[in-house]
>>> print(open('data-v1.txt').read())   # compact mmCIF, N, CA and C atoms
# COMPACT_ATOMS: atom_id res chain seq x y z
N MET A 1 93.73 80.88 106.92
CA MET A 1 94.50 80.69 105.73
C MET A 1 94.06 79.43 105.00
N CYS A 2 93.81 78.39 105.76
CA CYS A 2 93.40 77.12 105.13
C CYS A 2 92.10 77.29 104.35
N GLN A 3 91.14 78.03 104.94
CA GLN A 3 89.87 78.24 104.26
C GLN A 3 90.05 79.05 102.98
N LEU A 4 90.95 80.01 102.99
CA LEU A 4 91.21 80.80 101.80
C LEU A 4 91.81 79.93 100.69
N ALA A 5 92.77 79.11 101.05
CA ALA A 5 93.39 78.22 100.07
C ALA A 5 92.37 77.23 99.51
N GLU A 6 91.54 76.68 100.41
CA GLU A 6 90.51 75.71 99.98
C GLU A 6 89.47 76.37 99.08
N ALA A 7 89.23 77.66 99.29
CA ALA A 7 88.25 78.39 98.47
C ALA A 7 88.83 78.82 97.13
N GLY A 8 90.10 78.49 96.90
CA GLY A 8 90.70 78.78 95.61
C GLY A 8 91.46 80.10 95.53
N PHE A 9 91.62 80.77 96.66
CA PHE A 9 92.40 82.01 96.64
C PHE A 9 93.84 81.70 96.27
N GLU A 10 94.43 82.57 95.47
CA GLU A 10 95.84 82.42 95.13
C GLU A 10 96.70 82.78 96.33
N LYS A 11 97.90 82.26 96.35
CA LYS A 11 98.84 82.58 97.41
C LYS A 11 99.11 84.08 97.38
N PRO A 12 98.97 84.77 98.52
CA PRO A 12 99.18 86.22 98.54
C PRO A 12 100.66 86.57 98.49
N GLY A 13 100.95 87.83 98.16
CA GLY A 13 102.32 88.32 98.17
C GLY A 13 102.80 88.61 99.58
N ALA A 14 101.86 88.85 100.48
CA ALA A 14 102.18 89.13 101.88
C ALA A 14 100.89 89.06 102.69
N VAL A 15 101.04 88.92 103.99
CA VAL A 15 99.93 89.00 104.93
C VAL A 15 100.29 90.09 105.93
N VAL A 16 99.36 91.00 106.19
CA VAL A 16 99.59 92.10 107.13
C VAL A 16 98.63 91.91 108.30
N THR A 17 99.14 92.00 109.51
CA THR A 17 98.32 91.82 110.70
C THR A 17 98.88 92.65 111.85
N CYS A 18 98.09 92.81 112.88
CA CYS A 18 98.60 93.40 114.10
C CYS A 18 99.09 92.26 114.99
N CYS A 19 99.77 92.61 116.05
CA CYS A 19 100.23 91.58 116.98
C CYS A 19 100.09 92.11 118.39
N GLY A 20 99.32 91.44 119.19
CA GLY A 20 99.20 91.77 120.60
C GLY A 20 99.99 90.74 121.38
N GLY A 21 99.30 89.75 121.91
CA GLY A 21 99.96 88.69 122.67
C GLY A 21 100.52 87.58 121.80
N GLY A 22 100.13 87.58 120.53
CA GLY A 22 100.68 86.61 119.60
C GLY A 22 99.74 85.51 119.18
N GLY A 23 98.56 85.41 119.78
CA GLY A 23 97.64 84.33 119.43
C GLY A 23 97.20 84.36 117.97
N LEU A 24 96.80 85.53 117.49
CA LEU A 24 96.39 85.67 116.10
C LEU A 24 97.56 85.36 115.17
N LEU A 25 98.73 85.92 115.47
CA LEU A 25 99.91 85.69 114.65
C LEU A 25 100.29 84.21 114.64
N ALA A 26 100.21 83.55 115.78
CA ALA A 26 100.52 82.12 115.84
C ALA A 26 99.55 81.33 114.96
N GLY A 27 98.28 81.70 114.98
CA GLY A 27 97.29 81.04 114.14
C GLY A 27 97.54 81.28 112.66
N ILE A 28 97.93 82.49 112.31
CA ILE A 28 98.26 82.80 110.92
C ILE A 28 99.47 81.97 110.48
N CYS A 29 100.48 81.90 111.32
CA CYS A 29 101.68 81.10 110.99
C CYS A 29 101.32 79.64 110.79
N LYS A 30 100.47 79.10 111.66
CA LYS A 30 100.07 77.70 111.52
C LYS A 30 99.28 77.49 110.24
N GLY A 31 98.34 78.37 109.97
CA GLY A 31 97.54 78.25 108.75
C GLY A 31 98.40 78.35 107.50
N MET A 32 99.38 79.22 107.53
CA MET A 32 100.26 79.36 106.37
C MET A 32 101.16 78.14 106.21
N ARG A 33 101.57 77.57 107.32
CA ARG A 33 102.36 76.33 107.26
C ARG A 33 101.51 75.19 106.70
N ASP A 34 100.27 75.09 107.17
CA ASP A 34 99.37 74.03 106.71
C ASP A 34 99.03 74.14 105.23
N THR A 35 99.01 75.36 104.69
CA THR A 35 98.69 75.56 103.28
C THR A 35 99.95 75.61 102.40
N ARG A 36 101.09 75.42 103.05
CA ARG A 36 102.39 75.49 102.35
C ARG A 36 102.65 76.89 101.77
N TRP A 37 102.23 77.90 102.52
CA TRP A 37 102.50 79.28 102.15
C TRP A 37 103.61 79.85 103.03
N ASP A 38 104.51 79.01 103.48
CA ASP A 38 105.57 79.46 104.38
C ASP A 38 106.50 80.50 103.78
N ASP A 39 106.53 80.59 102.46
CA ASP A 39 107.40 81.57 101.81
C ASP A 39 106.77 82.96 101.72
N VAL A 40 105.52 83.08 102.14
CA VAL A 40 104.83 84.37 102.11
C VAL A 40 105.21 85.16 103.37
N PRO A 41 105.78 86.36 103.20
CA PRO A 41 106.14 87.14 104.37
C PRO A 41 104.91 87.66 105.13
N ILE A 42 105.08 87.76 106.43
CA ILE A 42 104.05 88.34 107.29
C ILE A 42 104.60 89.66 107.81
N VAL A 43 103.80 90.72 107.67
CA VAL A 43 104.16 92.02 108.22
C VAL A 43 103.27 92.24 109.44
N THR A 44 103.89 92.41 110.59
CA THR A 44 103.13 92.70 111.81
C THR A 44 103.28 94.17 112.14
N MET A 45 102.17 94.78 112.49
CA MET A 45 102.17 96.20 112.85
C MET A 45 101.74 96.35 114.30
N GLU A 46 102.47 97.20 115.02
CA GLU A 46 102.13 97.55 116.39
C GLU A 46 102.30 99.06 116.53
N THR A 47 101.70 99.60 117.55
CA THR A 47 101.90 101.01 117.84
C THR A 47 102.99 101.17 118.90
N HIS A 48 103.66 102.31 118.84
CA HIS A 48 104.61 102.63 119.91
C HIS A 48 103.81 102.62 121.22
N GLY A 49 104.36 102.01 122.22
CA GLY A 49 103.67 101.91 123.50
C GLY A 49 102.93 100.60 123.68
N ALA A 50 102.92 99.78 122.62
CA ALA A 50 102.31 98.43 122.70
C ALA A 50 103.13 97.47 121.85
N GLU A 51 104.45 97.70 121.79
CA GLU A 51 105.30 96.98 120.85
C GLU A 51 105.99 95.76 121.45
N SER A 52 105.23 94.90 122.10
CA SER A 52 105.84 93.74 122.77
C SER A 52 106.45 92.75 121.78
N PHE A 53 105.85 92.55 120.60
CA PHE A 53 106.43 91.62 119.63
C PHE A 53 107.70 92.21 119.02
N ASN A 54 107.66 93.48 118.68
CA ASN A 54 108.83 94.14 118.10
C ASN A 54 110.03 94.03 119.04
N LEU A 55 109.81 94.28 120.31
CA LEU A 55 110.90 94.19 121.29
C LEU A 55 111.36 92.75 121.47
N ALA A 56 110.42 91.81 121.41
CA ALA A 56 110.79 90.40 121.54
C ALA A 56 111.66 89.95 120.37
N LEU A 57 111.34 90.42 119.17
CA LEU A 57 112.18 90.08 118.01
C LEU A 57 113.59 90.62 118.20
N LYS A 58 113.70 91.82 118.67
CA LYS A 58 115.02 92.42 118.88
C LYS A 58 115.81 91.64 119.94
N ALA A 59 115.12 91.19 120.98
CA ALA A 59 115.78 90.49 122.08
C ALA A 59 115.95 88.99 121.80
N GLY A 60 115.17 88.46 120.87
CA GLY A 60 115.23 87.02 120.59
C GLY A 60 114.46 86.19 121.59
N LYS A 61 113.67 86.86 122.43
CA LYS A 61 112.85 86.18 123.45
C LYS A 61 111.77 87.15 123.91
N PRO A 62 110.69 86.63 124.50
CA PRO A 62 109.65 87.53 125.01
C PRO A 62 110.22 88.52 126.03
N VAL A 63 109.79 89.75 125.90
CA VAL A 63 110.21 90.83 126.79
C VAL A 63 108.95 91.45 127.37
N LYS A 64 108.95 91.73 128.65
CA LYS A 64 107.77 92.32 129.28
C LYS A 64 107.83 93.84 129.24
N LEU A 65 106.77 94.43 128.67
CA LEU A 65 106.64 95.89 128.68
C LEU A 65 106.26 96.34 130.09
N PRO A 66 106.74 97.49 130.53
CA PRO A 66 106.35 97.97 131.86
C PRO A 66 104.89 98.39 131.92
N ALA A 67 104.37 98.88 130.78
CA ALA A 67 102.97 99.34 130.71
C ALA A 67 102.58 99.51 129.25
N ILE A 68 101.29 99.50 128.99
CA ILE A 68 100.78 99.81 127.66
C ILE A 68 100.45 101.30 127.66
N THR A 69 101.12 102.04 126.81
CA THR A 69 100.91 103.49 126.78
C THR A 69 100.25 103.95 125.48
N SER A 70 99.93 103.02 124.61
CA SER A 70 99.28 103.33 123.33
C SER A 70 97.78 103.40 123.50
N CYS A 71 97.11 104.12 122.59
CA CYS A 71 95.65 104.12 122.59
C CYS A 71 95.10 102.82 122.00
N ALA A 72 95.96 102.03 121.36
CA ALA A 72 95.55 100.75 120.78
C ALA A 72 95.57 99.69 121.89
N LYS A 73 94.64 99.80 122.79
CA LYS A 73 94.63 98.94 123.98
C LYS A 73 94.40 97.46 123.64
N THR A 74 93.76 97.18 122.51
CA THR A 74 93.55 95.77 122.17
C THR A 74 94.85 95.12 121.71
N LEU A 75 95.88 95.92 121.46
CA LEU A 75 97.21 95.37 121.22
C LEU A 75 97.92 95.19 122.56
N GLY A 76 97.23 95.47 123.62
CA GLY A 76 97.83 95.62 124.92
C GLY A 76 98.29 94.39 125.65
N ALA A 77 99.10 93.57 125.03
CA ALA A 77 99.73 92.47 125.76
C ALA A 77 101.08 92.96 126.25
N LEU A 78 101.31 92.81 127.51
CA LEU A 78 102.60 93.24 128.05
C LEU A 78 103.74 92.37 127.54
N GLN A 79 103.40 91.16 127.12
CA GLN A 79 104.43 90.23 126.64
C GLN A 79 103.82 89.29 125.62
N VAL A 80 104.54 89.01 124.55
CA VAL A 80 104.06 88.04 123.55
C VAL A 80 104.41 86.63 124.00
N CYS A 81 103.73 85.67 123.40
CA CYS A 81 103.99 84.28 123.72
C CYS A 81 105.27 83.80 123.05
N GLN A 82 105.89 82.80 123.63
CA GLN A 82 107.12 82.23 123.10
C GLN A 82 106.91 81.65 121.70
N GLU A 83 105.71 81.13 121.44
CA GLU A 83 105.43 80.49 120.15
C GLU A 83 105.70 81.42 118.96
N VAL A 84 105.32 82.70 119.06
CA VAL A 84 105.54 83.59 117.92
C VAL A 84 107.00 84.02 117.80
N VAL A 85 107.71 84.07 118.92
CA VAL A 85 109.14 84.34 118.85
C VAL A 85 109.83 83.18 118.14
N ASP A 86 109.43 81.95 118.48
CA ASP A 86 109.98 80.77 117.81
C ASP A 86 109.62 80.76 116.33
N ALA A 87 108.38 81.13 116.01
CA ALA A 87 107.94 81.17 114.61
C ALA A 87 108.78 82.15 113.81
N SER A 88 109.18 83.25 114.44
CA SER A 88 109.97 84.27 113.73
C SER A 88 111.35 83.75 113.36
N LYS A 89 111.76 82.66 113.97
CA LYS A 89 113.06 82.06 113.64
C LYS A 89 112.94 81.05 112.51
N ARG A 90 111.69 80.69 112.17
CA ARG A 90 111.46 79.69 111.11
C ARG A 90 110.94 80.30 109.81
N ARG A 91 110.44 81.52 109.87
CA ARG A 91 109.82 82.13 108.68
C ARG A 91 110.02 83.64 108.73
N VAL A 92 109.76 84.30 107.62
CA VAL A 92 109.93 85.76 107.58
C VAL A 92 108.72 86.44 108.21
N ILE A 93 108.99 87.15 109.29
CA ILE A 93 108.00 88.01 109.93
C ILE A 93 108.66 89.37 110.08
N ILE A 94 108.07 90.36 109.46
CA ILE A 94 108.61 91.72 109.48
C ILE A 94 107.79 92.51 110.49
N SER A 95 108.43 93.04 111.50
CA SER A 95 107.75 93.79 112.54
C SER A 95 108.04 95.27 112.36
N ARG A 96 106.97 96.06 112.26
CA ARG A 96 107.11 97.50 112.12
C ARG A 96 106.18 98.20 113.10
N LEU A 97 106.53 99.44 113.39
CA LEU A 97 105.76 100.25 114.34
C LEU A 97 105.18 101.46 113.66
N THR A 98 104.05 101.90 114.19
CA THR A 98 103.45 103.16 113.78
C THR A 98 103.05 103.90 115.05
N ASP A 99 102.71 105.15 114.93
CA ASP A 99 102.30 105.91 116.11
C ASP A 99 100.77 105.91 116.22
N ASP A 100 100.29 106.29 117.39
CA ASP A 100 98.84 106.31 117.64
C ASP A 100 98.11 107.22 116.65
N ARG A 101 98.68 108.37 116.38
CA ARG A 101 98.03 109.34 115.49
C ARG A 101 97.80 108.72 114.10
N THR A 102 98.79 108.03 113.58
CA THR A 102 98.66 107.40 112.26
C THR A 102 97.65 106.27 112.31
N ALA A 103 97.67 105.48 113.37
CA ALA A 103 96.71 104.39 113.50
C ALA A 103 95.27 104.92 113.50
N VAL A 104 95.03 105.98 114.26
CA VAL A 104 93.68 106.57 114.33
C VAL A 104 93.30 107.20 112.98
N LYS A 105 94.25 107.86 112.34
CA LYS A 105 93.99 108.44 111.03
C LYS A 105 93.58 107.35 110.04
N CYS A 106 94.23 106.21 110.10
CA CYS A 106 93.89 105.10 109.20
C CYS A 106 92.52 104.51 109.52
N CYS A 107 92.12 104.54 110.79
CA CYS A 107 90.75 104.15 111.14
C CYS A 107 89.75 105.07 110.44
N LYS A 108 90.03 106.36 110.47
CA LYS A 108 89.15 107.35 109.82
C LYS A 108 89.13 107.16 108.31
N LEU A 109 90.28 106.88 107.72
CA LEU A 109 90.33 106.64 106.26
C LEU A 109 89.54 105.39 105.88
N PHE A 110 89.65 104.36 106.68
CA PHE A 110 88.91 103.13 106.42
C PHE A 110 87.41 103.38 106.56
N LEU A 111 87.00 104.16 107.55
CA LEU A 111 85.61 104.53 107.73
C LEU A 111 85.11 105.30 106.50
N ARG A 112 85.89 106.26 106.04
CA ARG A 112 85.53 107.01 104.85
C ARG A 112 85.40 106.10 103.62
N ASP A 113 86.34 105.19 103.45
CA ASP A 113 86.38 104.35 102.25
C ASP A 113 85.39 103.19 102.27
N HIS A 114 85.06 102.69 103.47
CA HIS A 114 84.25 101.46 103.56
C HIS A 114 83.04 101.57 104.49
N GLN A 115 82.83 102.74 105.08
CA GLN A 115 81.71 102.97 105.99
C GLN A 115 81.69 101.96 107.15
N MET A 116 82.88 101.55 107.57
CA MET A 116 83.03 100.65 108.72
C MET A 116 84.08 101.25 109.65
N LEU A 117 83.75 101.29 110.92
CA LEU A 117 84.69 101.80 111.91
C LEU A 117 85.45 100.64 112.53
N VAL A 118 86.77 100.75 112.54
CA VAL A 118 87.62 99.75 113.19
C VAL A 118 88.37 100.42 114.33
N GLU A 119 88.89 99.61 115.22
CA GLU A 119 89.58 100.16 116.39
C GLU A 119 91.06 100.39 116.07
N PRO A 120 91.79 101.12 116.93
CA PRO A 120 93.16 101.52 116.62
C PRO A 120 94.15 100.39 116.34
N ALA A 121 93.99 99.21 116.92
CA ALA A 121 94.90 98.11 116.59
C ALA A 121 94.75 97.74 115.12
N CYS A 122 93.53 97.75 114.64
CA CYS A 122 93.28 97.50 113.22
C CYS A 122 93.83 98.66 112.40
N GLY A 123 93.71 99.88 112.92
CA GLY A 123 94.28 101.05 112.25
C GLY A 123 95.78 100.93 112.11
N ALA A 124 96.44 100.34 113.10
CA ALA A 124 97.88 100.12 113.01
C ALA A 124 98.19 99.19 111.83
N THR A 125 97.40 98.14 111.70
CA THR A 125 97.57 97.21 110.57
C THR A 125 97.33 97.93 109.26
N LEU A 126 96.23 98.66 109.18
CA LEU A 126 95.89 99.38 107.96
C LEU A 126 96.93 100.43 107.59
N SER A 127 97.67 100.92 108.57
CA SER A 127 98.66 101.96 108.29
C SER A 127 99.75 101.48 107.33
N ALA A 128 100.04 100.20 107.35
CA ALA A 128 101.04 99.66 106.41
C ALA A 128 100.61 99.89 104.97
N VAL A 129 99.30 99.81 104.74
CA VAL A 129 98.76 99.97 103.39
C VAL A 129 98.44 101.44 103.10
N TYR A 130 97.71 102.10 104.00
CA TYR A 130 97.29 103.48 103.76
C TYR A 130 98.46 104.46 103.65
N THR A 131 99.55 104.20 104.34
CA THR A 131 100.70 105.10 104.24
C THR A 131 101.57 104.76 103.03
N GLY A 132 101.29 103.63 102.39
CA GLY A 132 102.09 103.20 101.25
C GLY A 132 103.41 102.56 101.64
N LYS A 133 103.61 102.30 102.91
CA LYS A 133 104.89 101.76 103.37
C LYS A 133 105.01 100.25 103.21
N ILE A 134 103.94 99.57 102.87
CA ILE A 134 104.00 98.11 102.76
C ILE A 134 105.06 97.68 101.76
N SER A 135 105.15 98.35 100.64
CA SER A 135 106.17 97.99 99.63
C SER A 135 107.57 98.20 100.18
N GLU A 136 107.75 99.27 100.91
CA GLU A 136 109.05 99.54 101.55
C GLU A 136 109.39 98.42 102.53
N TYR A 137 108.42 98.04 103.37
CA TYR A 137 108.66 96.99 104.35
C TYR A 137 109.02 95.68 103.67
N LEU A 138 108.30 95.34 102.62
CA LEU A 138 108.57 94.09 101.92
C LEU A 138 109.88 94.15 101.16
N GLY A 139 110.23 95.31 100.66
CA GLY A 139 111.48 95.48 99.94
C GLY A 139 112.70 95.34 100.84
N GLU A 140 112.51 95.60 102.13
CA GLU A 140 113.61 95.49 103.10
C GLU A 140 113.79 94.07 103.59
N ALA A 141 112.83 93.20 103.29
CA ALA A 141 112.86 91.85 103.84
C ALA A 141 114.00 91.05 103.25
N THR A 142 114.67 90.33 104.11
CA THR A 142 115.69 89.40 103.70
C THR A 142 115.09 88.00 103.83
N PRO A 143 115.04 87.24 102.74
CA PRO A 143 114.42 85.91 102.81
C PRO A 143 114.97 85.08 103.95
N GLY A 144 114.04 84.51 104.73
CA GLY A 144 114.42 83.63 105.83
C GLY A 144 114.81 84.32 107.12
N ILE A 145 114.80 85.65 107.14
CA ILE A 145 115.23 86.37 108.34
C ILE A 145 114.11 87.30 108.79
N SER A 146 113.67 87.12 110.04
CA SER A 146 112.66 88.02 110.60
C SER A 146 113.35 89.30 111.05
N GLN A 147 112.60 90.40 110.98
CA GLN A 147 113.18 91.71 111.25
C GLN A 147 112.28 92.55 112.12
N SER A 148 112.90 93.38 112.93
CA SER A 148 112.16 94.41 113.66
C SER A 148 112.90 95.71 113.51
N LEU A 149 112.17 96.77 113.28
CA LEU A 149 112.74 98.12 113.22
C LEU A 149 111.91 99.04 114.09
>>> encode(input="data-v1.txt", output="structure tokens")
Amino acid sequence: MCQLAEAGFEKPGAVVTCCGGGGLLAGICKGMRDTRWDDVPIVTMETHGAESFNLALKAGKPVKLPAITSCAKTLGALQVCQEVVDASKRRVIISRLTDDRTAVKCCKLFLRDHQMLVEPACGATLSAVYTGKISEYLGEATPGISQSL
């Protein structure tokens, strides 16, 4: 985020990412804090069967999944780190789920559109955009409150 701001990119309306163990999300949160983009909502996408962050948001603390049952194995953290659960209490992070079939379909759409193959965790992220649900997710956001559905 810092490099984007330094390169002159305008503040985005939202950031969409996947969330596995939380390292990437924690880095995004830090970068957005450092660039003073804390008011920009983050939408995290996970697949059913790898939804450790979504469950942690609902519980208010890290929750351990019994197993990863999704094909998006790179999302396969059985439990997210405490840091991202804490971050969700300080800024808007919207957690949404998609199914494996949609994630894989979005991988295929991205391949068709950009001639680049991405893996299913990335397909989960892309599903927020390719399905057109990103506007719905952002429209449901309550300023200052993180959400999981």
>>> residues_around(input="data-v1.txt", residues="stretch 61-63 of chain A", least_positions_apart="5", cutoff="8 Å", atoms="all atoms listed in the file", output="ChimeraX atom specification")
/A:51-53,55-56,78-82,85-86
>>> atom_distance(input="data-v1.txt", atom1="atom CA of A:Pro41", atom2="atom CA of A:Ile93")
5.9 Å
>>> atom_distance(input="data-v1.txt", atom1="atom CA of A:Lys30", atom2="atom N of A:Gly13")
16.8 Å
>>> residues_around(input="data-v1.txt", residues="A:Leu126", least_positions_apart="6", cutoff="10 Å", atoms="only C-alpha atoms", output="PyMOL selection string")
chain A and resi 16-18+45+102-107+109-110+118+120+132+134
>>> residues_around(input="data-v1.txt", residues="A:Pro12", least_positions_apart="2", cutoff="8 Å", atoms="all atoms listed in the file", output="PDB file with N, CA and C atoms, in the frame of the given file")
ATOM      1  N   PHE A   9      91.620  80.770  96.660  1.00  0.00           N
ATOM      2  CA  PHE A   9      92.400  82.010  96.640  1.00  0.00           C
ATOM      3  C   PHE A   9      93.840  81.700  96.270  1.00  0.00           C
ATOM      4  N   GLU A  10      94.430  82.570  95.470  1.00  0.00           N
ATOM      5  CA  GLU A  10      95.840  82.420  95.130  1.00  0.00           C
ATOM      6  C   GLU A  10      96.700  82.780  96.330  1.00  0.00           C
ATOM      7  N   ALA A  14     101.860  88.850 100.480  1.00  0.00           N
ATOM      8  CA  ALA A  14     102.180  89.130 101.880  1.00  0.00           C
ATOM      9  C   ALA A  14     100.890  89.060 102.690  1.00  0.00           C
ATOM     10  N   VAL A  15     101.040  88.920 103.990  1.00  0.00           N
ATOM     11  CA  VAL A  15      99.930  89.000 104.930  1.00  0.00           C
ATOM     12  C   VAL A  15     100.290  90.090 105.930  1.00  0.00           C
ATOM     13  N   TRP A  37     102.230  77.900 102.520  1.00  0.00           N
ATOM     14  CA  TRP A  37     102.500  79.280 102.150  1.00  0.00           C
ATOM     15  C   TRP A  37     103.610  79.850 103.030  1.00  0.00           C
ATOM     16  N   ASP A  39     106.530  80.590 102.460  1.00  0.00           N
ATOM     17  CA  ASP A  39     107.400  81.570 101.810  1.00  0.00           C
ATOM     18  C   ASP A  39     106.770  82.960 101.720  1.00  0.00           C
ATOM     19  N   VAL A  40     105.520  83.080 102.140  1.00  0.00           N
ATOM     20  CA  VAL A  40     104.830  84.370 102.110  1.00  0.00           C
ATOM     21  C   VAL A  40     105.210  85.160 103.370  1.00  0.00           C
ATOM     22  N   PRO A  41     105.780  86.360 103.200  1.00  0.00           N
ATOM     23  CA  PRO A  41     106.140  87.140 104.370  1.00  0.00           C
ATOM     24  C   PRO A  41     104.910  87.660 105.130  1.00  0.00           C
TER      25      PRO A  41
END
>>> atom_distance(input="data-v1.txt", atom1="atom C of A:Thr98", atom2="atom CA of A:Gln115")
23.2 Å
>>> closest_residue(input="data-v1.txt", among="A:Thr47, A:Asn54, A:Ser127, A:Ser88", to="A:Cys71", atoms="only N, CA and C atoms")
A:Thr47
>>> closest_residue(input="data-v1.txt", among="A:Ser135, A:Thr74, A:Thr69, A:Gln3", to="A:Glu119", atoms="only C-alpha atoms")
A:Thr74
>>> select_by_dssp(input="data-v1.txt", residues="stretch 13-139 of chain A", states="strand (DSSP E or B)", output="ChimeraX atom specification")
/A:15-18,42-47,93-98
>>> closest_residue(input="data-v1.txt", among="A:His114, A:Gly21, A:Leu97, A:Met1", to="A:His48", atoms="only N, CA and C atoms")
A:Leu97
>>> residues_around(input="data-v1.txt", residues="A:Gly76", least_positions_apart="4", cutoff="6 Å", atoms="only C-alpha atoms", output="ChimeraX atom specification")
/A:20,50,68
>>> write_last_selection(input="data-v1.txt", atoms="N, CA and C atoms", output="PDB file, keeping the file's coordinate frame")
ATOM      1  N   GLY A  20      99.320  91.440 119.190  1.00  0.00           N
ATOM      2  CA  GLY A  20      99.200  91.770 120.600  1.00  0.00           C
ATOM      3  C   GLY A  20      99.990  90.740 121.380  1.00  0.00           C
ATOM      4  N   ALA A  50     102.920  99.780 122.620  1.00  0.00           N
ATOM      5  CA  ALA A  50     102.310  98.430 122.700  1.00  0.00           C
ATOM      6  C   ALA A  50     103.130  97.470 121.850  1.00  0.00           C
ATOM      7  N   ILE A  68     101.290  99.500 128.990  1.00  0.00           N
ATOM      8  CA  ILE A  68     100.780  99.810 127.660  1.00  0.00           C
ATOM      9  C   ILE A  68     100.450 101.300 127.660  1.00  0.00           C
TER      10      ILE A  68
END
>>> select_by_dssp(input="data-v1.txt", residues="chain A", states="helix (DSSP H, G or I)", output="MDAnalysis selection string")
chainID A and resid 2:6 23:34 52:59 73:75 82:87 100:114 120:130 134:139
